[in-house]
Structures are given as C-alpha cells and as structure tokens.
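Asker: Okay, so here is input_28.txt, and as you'll see once you scroll down, it has compact mmCIF, C-alpha atoms.
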```txt
# COMPACT_ATOMS: atom_id res chain seq x y z
CA MET A 22 28.48 -0.54 -0.19
CA ASN A 23 31.46 0.87 1.62
CA SER A 24 30.85 -1.25 4.66
CA ILE A 25 30.78 -4.39 2.49
CA VAL A 26 34.16 -3.47 1.02
CA SER A 27 35.70 -2.75 4.41
CA ILE A 28 34.20 -5.87 6.06
CA ASN A 29 35.53 -8.11 3.30
CA GLY A 30 38.89 -6.33 3.27
CA VAL A 31 39.34 -6.84 7.00
CA ARG A 32 38.08 -10.43 6.71
CA PHE A 33 40.65 -11.10 3.95
CA LEU A 34 43.55 -9.81 6.05
CA VAL A 35 42.48 -11.43 9.32
CA LEU A 36 41.80 -14.82 7.73
CA VAL A 37 45.16 -14.84 5.91
CA LEU A 38 47.05 -13.91 9.07
CA VAL A 39 45.19 -16.43 11.24
CA GLN A 40 45.78 -19.12 8.63
CA ILE A 41 49.51 -18.61 8.14
CA LEU A 42 50.48 -17.76 11.70
CA ILE A 43 48.30 -20.16 13.67
CA LEU A 44 46.36 -22.75 11.71
CA ASN A 45 49.20 -23.85 9.44
CA HIS A 46 51.12 -24.93 12.53
CA ILE A 47 48.45 -27.02 14.24
CA ASN A 48 49.41 -30.33 12.57
CA PHE A 49 46.92 -32.29 14.64
CA LEU A 50 47.95 -35.98 14.67
CA GLY A 51 50.90 -35.08 12.51
CA TYR A 52 49.27 -33.73 9.38
CA ILE A 53 45.70 -32.47 9.91
CA ASN A 54 45.36 -28.73 9.43
CA PRO A 55 42.15 -26.74 9.12
CA TYR A 56 41.96 -24.31 6.22
CA LEU A 57 39.72 -21.65 7.69
CA TYR A 58 40.58 -18.98 5.11
CA ILE A 59 38.02 -20.38 2.65
CA LEU A 60 35.45 -18.73 4.90
CA PHE A 61 36.22 -15.64 2.80
CA VAL A 62 34.91 -17.39 -0.30
CA ILE A 63 32.02 -18.99 1.59
CA LEU A 64 30.75 -15.79 3.18
CA TYR A 65 31.33 -13.39 0.28
CA PRO A 66 28.08 -11.48 -0.43
CA ILE A 67 25.69 -13.22 -2.81
CA LYS A 68 24.91 -10.14 -4.86
CA ASN A 69 28.29 -9.55 -6.36
CA ASN A 70 30.31 -8.86 -9.41
CA ARG A 71 31.29 -12.41 -10.31
CA THR A 72 34.47 -11.45 -12.15
CA LEU A 73 35.75 -9.53 -9.16
CA PHE A 74 34.72 -12.33 -6.79
CA ILE A 75 36.62 -14.98 -8.76
CA PHE A 76 39.64 -12.73 -8.95
CA LEU A 77 39.59 -12.02 -5.21
CA SER A 78 39.31 -15.74 -4.46
CA PHE A 79 42.33 -16.34 -6.66
CA LEU A 80 44.17 -13.62 -4.77
CA ILE A 81 43.48 -15.07 -1.30
CA GLY A 82 44.55 -18.50 -2.50
CA LEU A 83 47.73 -17.12 -4.02
CA THR A 84 48.52 -15.22 -0.82
CA ILE A 85 48.27 -18.42 1.20
CA ASP A 86 50.46 -20.15 -1.41
CA LEU A 87 53.03 -17.40 -1.17
CA PHE A 88 53.32 -17.92 2.56
CA SER A 89 53.28 -21.69 2.57
CA ASP A 90 55.52 -22.27 -0.50
CA SER A 91 53.00 -24.54 -2.13
CA GLY A 92 53.10 -23.31 -5.74
CA GLY A 93 49.51 -22.63 -6.76
CA VAL A 94 47.48 -25.33 -5.04
CA HIS A 95 45.44 -23.05 -2.80
CA ALA A 96 44.82 -20.62 -5.67
CA ALA A 97 43.51 -23.39 -7.93
CA ALA A 98 41.22 -24.79 -5.23
CA CYS A 99 39.87 -21.35 -4.30
CA VAL A 100 39.18 -20.30 -7.89
CA THR A 101 37.27 -23.53 -8.45
CA ILE A 102 35.02 -23.19 -5.42
CA ALA A 103 34.42 -19.52 -6.27
CA TYR A 104 33.36 -20.51 -9.78
CA ILE A 105 31.00 -23.30 -8.74
CA ARG A 106 29.59 -21.47 -5.72
CA PRO A 107 26.34 -20.39 -7.46
CA VAL A 108 25.53 -24.01 -8.27
CA VAL A 109 26.11 -25.07 -4.67
CA LEU A 110 24.07 -22.13 -3.38
CA LYS A 111 21.18 -23.12 -5.61
CA PHE A 112 21.43 -26.73 -4.49
CA CYS A 113 21.49 -25.90 -0.79
CA PHE A 114 19.13 -22.94 -0.50
CA GLY A 115 16.85 -23.57 -3.49
CA MET A 116 14.07 -21.02 -3.75
CA ILE A 117 15.52 -18.46 -1.36
CA TYR A 118 18.58 -18.19 -3.57
CA GLU A 119 16.44 -17.81 -6.69
CA HIS A 120 14.91 -14.71 -5.11
CA GLN A 121 18.37 -13.40 -4.27
CA ALA A 122 17.37 -13.14 -0.62
CA VAL A 123 19.97 -15.36 1.07
CA LYS A 124 21.63 -13.76 4.05
CA PHE A 125 24.11 -16.00 5.80
CA SER A 126 23.15 -14.62 9.19
CA ASN A 127 19.54 -15.81 9.00
CA VAL A 128 19.41 -19.01 6.95
CA GLU A 129 18.59 -22.42 8.29
CA PHE A 130 21.40 -24.10 10.21
CA GLY A 131 21.17 -27.39 8.32
CA ALA A 132 21.28 -25.79 4.89
CA LYS A 133 24.19 -23.60 5.90
CA THR A 134 26.20 -26.51 7.26
CA MET A 135 25.52 -28.48 4.08
CA TYR A 136 26.64 -25.50 1.96
CA ILE A 137 29.88 -25.12 3.94
CA ALA A 138 30.51 -28.87 3.86
CA ILE A 139 30.12 -29.19 0.08
CA LEU A 140 32.42 -26.26 -0.69
CA THR A 141 35.01 -27.43 1.87
CA LEU A 142 35.07 -30.98 0.52
CA ILE A 143 35.55 -29.81 -3.07
CA HIS A 144 38.22 -27.32 -2.02
CA HIS A 145 40.16 -29.88 0.00
CA LEU A 146 39.90 -32.56 -2.67
CA ILE A 147 41.44 -30.24 -5.28
CA LEU A 148 43.95 -28.91 -2.78
CA PHE A 149 45.32 -32.29 -1.74
CA SER A 150 45.18 -33.86 -5.21
CA LEU A 151 47.33 -31.03 -6.52
CA GLU A 152 49.57 -30.98 -3.48
CA ILE A 153 50.34 -34.70 -3.54
CA PHE A 154 50.07 -34.80 -7.35
CA ASN A 155 50.46 -38.52 -7.56
CA LEU A 156 47.69 -40.91 -8.60
CA SER A 157 49.34 -43.86 -6.90
CA LYS A 158 48.88 -42.12 -3.55
CA ILE A 159 45.14 -41.65 -3.99
CA ILE A 160 44.38 -43.24 -0.62
CA LEU A 161 46.62 -40.71 1.14
CA THR A 162 44.91 -37.91 -0.82
CA LEU A 163 41.43 -39.04 0.18
CA GLN A 164 42.49 -39.61 3.76
CA LYS A 165 43.95 -36.12 4.07
CA THR A 166 40.89 -34.64 2.36
CA LEU A 167 38.48 -36.36 4.72
CA PHE A 168 40.24 -35.60 7.99
CA SER A 169 41.11 -32.00 7.16
CA SER A 170 37.58 -31.39 5.88
CA VAL A 171 36.02 -32.52 9.14
CA PHE A 172 38.30 -30.14 11.01
CA THR A 173 37.67 -27.23 8.62
CA ILE A 174 33.89 -27.71 8.54
CA LEU A 175 33.68 -27.80 12.33
CA LEU A 176 35.78 -24.68 12.66
CA CYS A 177 33.89 -22.80 9.90
CA VAL A 178 30.48 -23.58 11.43
CA LEU A 179 31.72 -22.59 14.88
CA ILE A 180 33.18 -19.32 13.64
CA THR A 181 30.02 -18.41 11.73
CA ILE A 182 27.93 -19.10 14.87
CA ILE A 183 30.23 -17.13 17.14
CA PHE A 184 30.46 -14.13 14.86
CA SER A 185 26.83 -14.02 13.70
CA LYS A 186 25.23 -10.72 14.63
CA ASN A 187 21.61 -11.55 15.37
CA SER A 188 21.49 -14.75 17.34
CA LYS A 189 18.00 -16.02 17.89
CA MET B 2 35.01 -10.52 -35.28
CA GLN B 3 31.85 -9.23 -33.66
CA GLN B 4 30.92 -12.77 -32.76
CA ILE B 5 34.24 -13.47 -31.14
CA VAL B 6 33.95 -10.35 -29.00
CA ASN B 7 30.39 -11.31 -28.09
CA PHE B 8 31.52 -14.79 -27.17
CA ILE B 9 34.23 -13.43 -24.91
CA ILE B 10 31.86 -11.01 -23.19
CA ARG B 11 29.22 -13.68 -22.72
CA ASN B 12 31.64 -16.18 -21.25
CA LYS B 13 33.92 -13.79 -19.45
CA THR B 14 33.41 -15.43 -16.06
CA PHE B 15 34.22 -18.86 -17.37
CA LEU B 16 37.22 -17.59 -19.34
CA LEU B 17 38.54 -15.74 -16.30
CA PHE B 18 38.10 -18.87 -14.20
CA LEU B 19 39.92 -20.90 -16.82
CA LEU B 20 42.76 -18.41 -17.07
CA LEU B 21 43.29 -18.20 -13.31
CA PHE B 22 42.99 -21.96 -12.93
CA VAL B 23 45.61 -22.54 -15.61
CA ILE B 24 47.92 -20.00 -13.98
CA SER B 25 47.66 -21.78 -10.65
CA LEU B 26 48.17 -25.16 -12.33
CA VAL B 27 51.35 -23.89 -13.98
CA LEU B 28 52.60 -22.60 -10.63
CA THR B 29 51.75 -25.93 -9.02
CA ILE B 30 53.56 -27.93 -11.66
CA GLN B 31 56.55 -25.63 -11.40
CA SER B 32 56.66 -26.13 -7.67
CA HIS B 33 56.77 -29.89 -8.14
CA SER B 34 59.91 -29.83 -10.21
CA TYR B 35 63.22 -29.21 -8.55
CA HIS B 36 64.42 -25.58 -8.43
CA GLN B 37 61.61 -24.28 -10.61
CA SER B 38 59.40 -22.26 -8.29
CA LYS B 39 60.61 -18.86 -9.37
CA PHE B 40 57.67 -16.56 -8.66
CA VAL B 41 55.67 -17.78 -5.70
CA HIS B 42 57.95 -18.47 -2.77
CA SER B 43 58.13 -17.17 0.77
CA ALA B 44 61.66 -15.74 0.53
CA ASN B 45 60.41 -12.25 -0.14
CA PHE B 46 60.16 -9.01 1.73
CA LEU B 47 56.52 -9.42 2.79
CA SER B 48 56.24 -13.03 3.92
CA GLY B 49 59.81 -13.11 5.19
CA GLY B 50 59.13 -10.04 7.31
CA ILE B 51 55.88 -11.42 8.73
CA TYR B 52 57.40 -14.81 9.55
CA LYS B 53 60.40 -13.11 11.11
CA SER B 54 58.29 -11.01 13.46
CA ALA B 55 56.15 -14.03 14.34
CA ASN B 56 59.31 -16.03 15.04
CA ASN B 57 60.62 -13.26 17.28
CA ILE B 58 57.77 -14.12 19.62
CA SER B 59 57.49 -17.87 19.16
CA GLN B 60 61.20 -18.58 19.56
CA TYR B 61 60.87 -18.06 23.31
CA PHE B 62 58.63 -21.08 23.65
CA SER B 63 61.33 -23.50 22.51
CA LEU B 64 64.23 -21.66 24.10
CA LYS B 65 64.97 -24.30 26.69
CA ARG B 66 65.00 -27.19 24.22
CA GLN B 67 67.14 -25.23 21.74
CA ASN B 68 69.63 -24.41 24.47
CA GLU B 69 69.88 -28.10 25.30
CA ILE B 70 70.52 -28.94 21.64
CA LEU B 71 73.22 -26.29 21.37
CA SER B 72 74.95 -27.44 24.54
CA GLU B 73 74.78 -31.05 23.31
CA GLU B 74 76.51 -29.89 20.15
CA ASN B 75 79.10 -28.00 22.17
CA SER B 76 79.92 -31.07 24.17
CA ARG B 77 80.22 -33.13 21.00
CA LEU B 78 82.58 -30.56 19.46
CA ASN B 79 84.60 -30.45 22.66
CA THR B 80 84.95 -34.22 22.50
CA LEU B 81 86.26 -33.85 18.97
CA ILE B 82 88.83 -31.26 19.96
CA TYR B 83 90.19 -33.09 22.99
CA ASN B 84 90.21 -36.55 21.47
CA GLY B 85 92.42 -35.65 18.55
CA GLU B 86 91.85 -37.15 15.15
CA ASP B 87 89.82 -40.28 15.86
CA SER B 88 86.67 -38.33 15.19
CA ILE B 89 83.28 -39.50 14.03
CA SER B 90 82.70 -36.60 11.73
CA ALA B 91 84.80 -36.44 8.59
CA PHE B 92 83.82 -32.97 7.46
CA VAL B 93 85.50 -31.33 10.44
CA LEU B 94 88.72 -33.09 9.51
CA ASP B 95 88.31 -32.12 5.88
CA SER B 96 88.17 -28.44 6.64
CA SER B 97 91.30 -28.59 8.76
CA LYS B 98 93.30 -30.63 6.28
CA PHE B 99 92.54 -29.27 2.84
CA GLY B 100 92.67 -25.51 3.19
CA ILE B 101 89.01 -25.14 4.18
CA PRO B 102 86.91 -25.96 1.09
CA TYR B 103 83.69 -25.43 3.05
CA GLU B 104 82.39 -22.26 4.67
CA PHE B 105 79.67 -22.42 7.31
CA THR B 106 77.10 -19.70 7.99
CA ALA B 107 74.85 -19.93 11.02
CA ALA B 108 71.19 -19.19 10.33
CA LYS B 109 67.86 -19.47 12.06
CA VAL B 110 64.78 -21.24 10.74
CA ILE B 111 61.86 -18.81 10.86
CA LYS B 112 59.27 -21.00 9.17
CA ASN B 113 59.20 -24.78 9.35
CA SER B 114 56.76 -27.21 7.75
CA TYR B 115 56.69 -30.97 7.85
CA SER B 116 53.11 -32.08 7.22
CA LEU B 117 52.82 -31.33 3.49
CA SER B 118 54.18 -33.51 0.72
CA ASN B 119 56.59 -30.79 -0.39
CA ASN B 120 57.96 -29.14 2.69
CA ILE B 121 59.91 -25.92 2.47
CA LEU B 122 61.69 -24.06 5.25
CA LEU B 123 62.51 -20.38 5.45
CA ILE B 124 65.75 -19.12 6.99
CA ASP B 125 66.72 -15.59 7.98
CA LYS B 126 69.88 -15.26 5.89
CA GLY B 127 69.98 -14.41 2.20
CA LYS B 128 72.03 -12.88 -0.60
CA ARG B 129 73.30 -10.28 1.84
CA ASP B 130 75.09 -13.06 3.70
CA SER B 131 76.36 -14.44 0.39
CA LEU B 132 74.04 -17.43 0.27
CA ALA B 133 73.00 -18.80 -3.12
CA GLN B 134 71.02 -21.64 -4.65
CA ASP B 135 72.26 -25.20 -4.05
CA PHE B 136 74.02 -24.60 -0.78
CA GLY B 137 73.51 -27.39 1.71
CA VAL B 138 71.81 -26.84 5.07
CA ILE B 139 72.57 -28.96 8.14
CA ASN B 140 72.28 -28.75 11.89
CA SER B 141 74.15 -30.42 14.70
CA LYS B 142 72.30 -33.72 14.23
CA GLY B 143 72.35 -34.09 10.45
CA ILE B 144 71.11 -32.80 7.15
CA ILE B 145 68.14 -30.47 6.78
CA GLY B 146 67.94 -29.64 3.08
CA ILE B 147 69.16 -27.60 0.15
CA ILE B 148 68.71 -23.87 -0.51
CA ASP B 149 66.26 -23.11 -3.28
CA ASN B 150 65.30 -19.45 -3.71
CA VAL B 151 67.30 -16.59 -2.24
CA SER B 152 66.20 -13.02 -1.67
CA LYS B 153 68.12 -10.17 -0.11
CA LYS B 154 67.51 -11.16 3.50
CA TYR B 155 65.84 -14.58 3.34
CA ALA B 156 66.22 -17.95 1.67
CA THR B 157 63.90 -20.92 1.19
CA VAL B 158 65.25 -24.38 1.91
CA ILE B 159 63.93 -27.55 0.28
CA SER B 160 63.60 -29.84 3.26
CA VAL B 161 64.64 -33.49 3.11
CA LEU B 162 60.92 -34.04 3.65
CA ASN B 163 60.14 -33.01 0.07
CA SER B 164 59.16 -35.39 -2.68
CA SER B 165 61.40 -33.61 -5.22
CA ILE B 166 64.59 -33.89 -3.18
CA SER B 167 67.41 -36.16 -4.22
CA ILE B 168 70.59 -36.32 -2.16
CA SER B 169 73.40 -38.75 -2.63
CA ALA B 170 73.94 -40.88 0.48
CA LYS B 171 75.93 -43.94 1.43
CA LEU B 172 76.36 -46.57 4.09
CA LYS B 173 78.84 -45.36 6.65
CA LYS B 174 80.69 -48.66 6.94
CA THR B 175 81.10 -49.29 3.20
CA ASN B 176 81.01 -47.05 0.17
CA HIS B 177 77.79 -48.30 -1.43
CA PHE B 178 75.78 -45.24 -2.36
CA GLY B 179 72.22 -44.49 -3.37
CA SER B 180 69.94 -41.49 -3.41
CA LEU B 181 67.55 -40.21 -0.78
CA ALA B 182 63.88 -39.74 -1.55
CA TRP B 183 60.80 -39.17 0.57
CA ASP B 184 57.51 -41.02 0.26
CA SER B 185 55.63 -38.19 2.08
CA LYS B 186 54.21 -40.52 4.71
CA SER B 187 56.01 -39.79 7.96
CA HIS B 188 58.25 -36.95 9.05
CA GLU B 189 60.45 -39.38 10.96
CA PHE B 190 61.48 -41.59 8.05
CA ILE B 191 63.03 -41.04 4.64
CA GLN B 192 63.94 -43.59 2.02
CA LEU B 193 67.25 -44.52 0.46
CA ILE B 194 66.90 -46.14 -2.95
CA ASP B 195 69.29 -47.68 -5.47
CA ILE B 196 71.62 -49.33 -2.97
CA PRO B 197 72.93 -52.41 -4.84
CA LYS B 198 71.91 -55.84 -3.59
CA ILE B 199 75.50 -56.77 -2.86
CA ALA B 200 75.80 -54.16 -0.11
CA PRO B 201 75.84 -55.61 3.42
CA VAL B 202 72.88 -53.68 4.83
CA GLU B 203 71.78 -54.35 8.39
CA ILE B 204 69.19 -52.78 10.62
CA GLY B 205 70.81 -50.08 12.73
CA ASP B 206 73.49 -49.14 10.17
CA THR B 207 74.29 -45.45 9.98
CA ILE B 208 73.66 -43.60 6.71
CA VAL B 209 75.76 -40.53 5.89
CA THR B 210 76.09 -38.20 2.91
CA SER B 211 78.41 -39.52 0.25
CA GLY B 212 80.16 -36.32 -0.75
CA ARG B 213 79.67 -37.14 -4.42
CA SER B 214 77.81 -33.91 -5.10
CA THR B 215 79.16 -30.43 -4.50
CA ILE B 216 76.34 -29.62 -2.08
CA PHE B 217 77.18 -31.63 1.03
CA PRO B 218 80.60 -32.61 2.33
CA ARG B 219 81.23 -36.29 2.90
CA GLY B 220 80.10 -37.92 6.11
CA ILE B 221 77.28 -35.73 7.39
CA GLN B 222 74.91 -37.87 9.43
CA ILE B 223 71.45 -38.66 8.10
CA GLY B 224 69.93 -41.50 10.11
CA VAL B 225 69.91 -45.21 10.86
CA VAL B 226 68.46 -48.08 8.84
CA ASN B 227 65.03 -48.91 10.23
CA ASP B 228 64.04 -51.64 7.78
CA PHE B 229 64.87 -52.59 4.21
CA LYS B 230 63.63 -54.74 1.36
CA LEU B 231 64.53 -55.46 -2.26
CA ASP B 232 62.72 -53.53 -4.99
CA ALA B 233 60.42 -55.15 -7.57
CA ALA B 234 63.28 -56.12 -9.89
CA GLU B 235 65.23 -57.54 -6.91
CA ASN B 236 68.42 -55.71 -7.84
CA TYR B 237 68.42 -52.82 -5.40
CA TYR B 238 67.47 -52.26 -1.80
CA ASN B 239 64.82 -49.80 -0.72
CA ILE B 240 65.90 -48.75 2.73
CA ASN B 241 63.72 -46.99 5.28
CA ILE B 242 65.86 -44.60 7.31
CA LYS B 243 64.95 -43.13 10.66
CA LEU B 244 66.26 -39.57 10.73
CA PHE B 245 68.54 -38.43 13.54
CA ASN B 246 66.90 -35.03 13.26
CA ASP B 247 63.52 -34.27 14.71
CA MET B 248 62.29 -32.27 11.72
CA THR B 249 59.43 -30.81 13.75
CA ASN B 250 61.81 -28.98 16.05
CA ILE B 251 64.52 -27.11 14.17
CA GLU B 252 65.82 -23.71 15.05
CA HIS B 253 69.56 -23.20 14.56
CA VAL B 254 71.05 -24.45 11.31
CA TYR B 255 74.28 -24.07 9.36
CA VAL B 256 74.50 -23.30 5.67
CA ILE B 257 77.44 -24.92 3.88
CA LYS B 258 79.13 -23.16 1.02
CA ASN B 259 81.45 -25.27 -1.05
CA ILE B 260 84.09 -22.87 -2.33
CA ASP B 261 85.15 -25.25 -5.08
CA ALA B 262 81.58 -25.94 -6.26
CA GLU B 263 81.79 -23.68 -9.29
CA GLU B 264 85.06 -25.16 -10.45
CA ILE B 265 83.77 -28.72 -10.05
CA ASP B 266 80.51 -27.92 -11.84
CA ASN B 267 82.35 -26.29 -14.72
CA LEU B 268 84.59 -29.29 -15.04
CA LEU B 269 81.65 -31.71 -15.07
CA ASN B 270 79.72 -29.59 -17.59
CA GLY B 271 82.78 -29.49 -19.77
CA ILE B 272 82.87 -33.28 -19.83
CA ASN B 273 79.20 -33.50 -20.76
CA GLU B 274 79.45 -31.11 -23.69
```
Mind turning the file's structure into structure tokens?
Answerer:
Amino acid sequence: MNSIVSINGVRFLVLVLVQILILNHINFLGYINPYLYILFVILYPIKNNRTLFIFLSFLIGLTIDLFSDSGGVHAAACVTIAYIRPVVLKFCFGMIYEHQAVKFSNVEFGAKTMYIAILTLIHHLILFSLEIFNLSKIILTLQKTLFSSVFTILLCVLITIIFSKNSK
Amino acid sequence: MQQIVNFIIRNKTFLLFLLLFVISLVLTIQSHSYHQSKFVHSANFLSGGIYKSANNISQYFSLKRQNEILSEENSRLNTLIYNGEDSISAFVLDSSKFGIPYEFTAAKVIKNSYSLSNNILLIDKGKRDSLAQDFGVINSKGIIGIIDNVSKKYATVISVLNSSISISAKLKKTNHFGSLAWDSKSHEFIQLIDIPKIAPVEIGDTIVTSGRSTIFPRGIQIGVVNDFKLDAAENYYNINIKLFNDMTNIEHVYVIKNIDAEEIDNLLNGINE
C-alpha cells in the first residue's frame, strides 16, 4: 500500500515538472506539444478509491493549469478521462478487467496502445476545444487534437515500454 | 431526506466529477475574459519560483542573441541622442518634453508561451517593484503585452498573442486607428480591425500604438502591413500585420507606468456616470 502511494506521489511530481519545464516548450512545428502528464491518470492502479482518483486527476490538471496560465482546461480534461476510464478499460481489456486482474506491466501491447490512444484522444479533444473555445475554429481544434495526440501517444507508449519492470 | 442522502451516496463519484468539471469550466471561462483569471495564474510564489530557477539555467542558452538585441537597441538609442529631435520614436520625445509622464521598469521574461490560443508571459518583477494591473509591456522592437495579475515578486503579462487582447493602434503615416486582435493562427502575425475604408492603407505601412488608451504611449512600434482586405460589410479593413518582434525569443522587456493613468481614468469614469 505504502509503495503505491509513494510511487504515485513521485510520478505526480516528476510528470508535472517534466511537463512544465521541458514538454511545454517543445512547440514542434510551431504548436505541437506532447502532454505526457496524463500518464499519471492512465497508469493509476486499477483497484482504487474512485473518489480519490478523480480528485487527484483534477489536482494534476489544475497544477498544470497553474503553471501554464490556461484557466481550467487541463483540469477539465483530466477529470473527464478519470471519470470515463473504467468504461475504456472494459472496452480495451474486456474479461481481464472484469476479473480485476489488469496489470499494466503485463498486458498485451495492442490493447495497451489502444487504451492509451482512446484516453489521449478524448483528453486532447476536450483540452483544445476548451482552450480555443470557439466553434468557428473547429478545424484548428481538430488539427491540434490530432497532431498533439500522435505525439503524446508515441511518447506515452515509449515511456511505458522503457520504464516497464519485467520486459519479456 | 433519507432518499436524498442515499442518492448522494450512491452517485457520489458522478457528483464529484460534475462538481470538479464545473469548477474547471468556470476557471476556463474566467480565463477567456479579459482580466478575470483571479485564482489560477502563474504569478505566485510556487510557480514563479520554479520558473525563475529554471530560467536561471536556460537564460545562458540565448545569451549571445540577447546581447545582440541589447546592443542593437543601444545603437538605436545612440542614434536618437546624437541626431537631435528628428527621431523615429515619439515616446522618447514625450518623456523629455512633458515632465516625464511615463516611468520604465526593466524586467526579465521568465516564462514565455506562443503556441496556445491565449498566451501569457511571466516576468520577474511584481508589486515590490510597484507594478500593477494594466501597465504596458514593451521591448526594444515593439509591444509585448499588458500586465494582468501581480504578486509580490512576479507578474503575468497578457501577450499580444492572446485572443482576448485589444490594443488601440493606428497607421503611422495618418491618424486612422483601429484595434488589435489575434486570430490564434500564427505567432508572426496579428490583425488590426476597424480601420475605416477611407484610410490609405498600403502593404509595408508601419503600424504603431495610438496613445488613445492610458496603457501605451503614442508611437510604439507594432509591425508592418502584410496584407489587407475589406470586411464582410465592406466598411472597414481587416489588416494582417507582421510583428517586428519575434515573440518566440523575448528576454529583456520594459514595463511602462503611466503616472497620469489614474487621473485620466477617473476623468473618463466621471463622464460616463
């Protein structure tokens, strides 16, 4: 129990710092930034207290908002993906999730990538719709969502592979 | 009563989600209206401190370029001094003629952003250096933005690359004025709207601040006309301006305090009432 708390605490801090100090300044091709910090929401243990989980997701989003002066866009996107995560888990892992036996270190690669991709796309769509906040610029919103998502998904999958403990 | 409590307990996850989502929506909407983001901004002890220590390291990477910019500015100012009064920049003349209505404070940008649709900068001066909301921020090449939130040691600046900004600007050669806005597409261009059709706009014309607000003095450079077209009603021009400033590379800036701002604002409010 204690190790879960400390691992997630450290993950929270490291992801926030990496996001605000490095990733927010990448601006690949002018505006494409990866949002790696959602890895905290993605990798949070399955067996959890849902209330606490949603609250922590809100907190990490708000912290990023605080540093990037963006109002509450990251918080809103994070809370949403935290709330719908069980549905996505069920969709991607099916029976294994029903038995509460999903461990991110030893699930199938395809299912994991799909799971990360769905959550990232939803997160980015909410993030950019709220950030641009203008229906007449829907093309720009979708464009930003798509390009940033590709970047984020790649980075998330890479990071989970690099930092997985038992590689086969 | 029992049923209500039961309902809340049963749906506590959903209610919590709803509550937090609404809170973040309110914060988002606040941040989209001018000067409303009161609670969540980076001009605080924690984020200001972290950005400042990060900047202490990263400033060395752009040292050479920043030195070049500063020496360019020095040479421009020297030209002004030794060429007497036929200067390009009216605000320098203003301060020497009318008992200095503007005070300048040098500051350093410790966090810059230009890829979002509402970009906000963070500078390392705050209340302690007598900065306050609605002071203008410029650098040697032109305008940067307007101060929004101020804490003890830091201040956030609404960049010109922000969809909620509105600055009064005019053509340098005539006095036709309009207001600046940003369409959040490119960090090199901003838009000038509401210039009347009668104005003689040409590609390459210089756009400067109009001095009609108390924030910026008259004649601070903004950019040159890149292209222009009439709006849908064909009464006003929408002008695309290429900024003189490279907004991706800003380090040393000046904050302008208009000493008479309060008096002017009081006067204008008095008229409105």
Asker: Taking all atoms listed in the file into account, find every residue of chain B that has an atom no more than 6 Å from chain A, and write it out as a list in words.
Answerer: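 Selected residues: Thr14, Phe22, Ser25, Leu28, Thr29, Ser32, Val41, His42, Ser43, Ser48, Ser116 and Ser118 of chain B.
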Asker: Counting all atoms listed in the file, which of B:Ser160, B:Ser169, B:Asn120, B:Asn227 gets nearest to Gly205 in chain B?
Answerer: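 That would be B:Asn227, the residue with the smallest distance to Gly205 in chain B.
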Asker: Excluding Lys109 in chain B and its own-chain neighbours fewer than 6 positions away, which residues fall within 8 Å of it when counting all atoms listed in the file? Please give them as a list of chain:residue names.
Answerer: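 Residues meeting the cut-off are B:Ile124, B:Asp125, B:Lys126, B:Glu252, B:His253, B:Val254.
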Asker: Which centre and edge lengths in Å to one decimal define the box along x, y and z that fits every listed atom of range 42-54 of chain A plus 6 Å per side, as lines of an AutoDock Vina configuration file?
Answerer:
```
center_x = 48.2
center_y = -26.9
center_z = 12.0
size_x = 17.8
size_y = 30.2
size_z = 17.3
```
Asker: Hey, can you check how far CA of Lys112 in chain B sits from CA of Cys177 in chain A?
Answerer: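 Straight-line distance from CA of Lys112 in chain B to CA of Cys177 in chain A works out to 25.5 Å.
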Asker: How many Å lie between CA of Asn246 in chain B and CA of Gln60 in chain B, rounded to one decimal?
Answerer: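 For CA of Asn246 in chain B relative to CA of Gln60 in chain B, the distance reads 18.5 Å.
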Asker: Using only C-alpha atoms, which residue out of A:Phe184, A:Ile147, A:Thr166, A:Val171 lies closest to Leu26 in chain B?
Answerer: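 Using only C-alpha atoms, Leu26 in chain B sits closest to A:Ile147.
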Asker: Distance CA of Phe62 in chain B-CA of Gly50 in chain B, one decimal place?
Answerer: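 It comes out at 19.7 Å.
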Asker: Would you list the contacts of Asp261 in chain B as JSON, numbers by chain, taking every protein, DNA or RNA residue within 10 Å and counting only C-alpha atoms, but skipping same-chain residues closer than 6 positions in sequence?
Answerer: {"B": [102, 103, 215]}
Asker: Write the residues of the preceding selection, restricted to C-alpha atoms, as a tab-separated table (two decimals), in the frame of the given file.
Answerer:
```tsv
chain	number	residue	atom	x	y	z
B	102	PRO	CA	86.91	-25.96	1.09
B	103	TYR	CA	83.69	-25.43	3.05
B	215	THR	CA	79.16	-30.43	-4.50
```
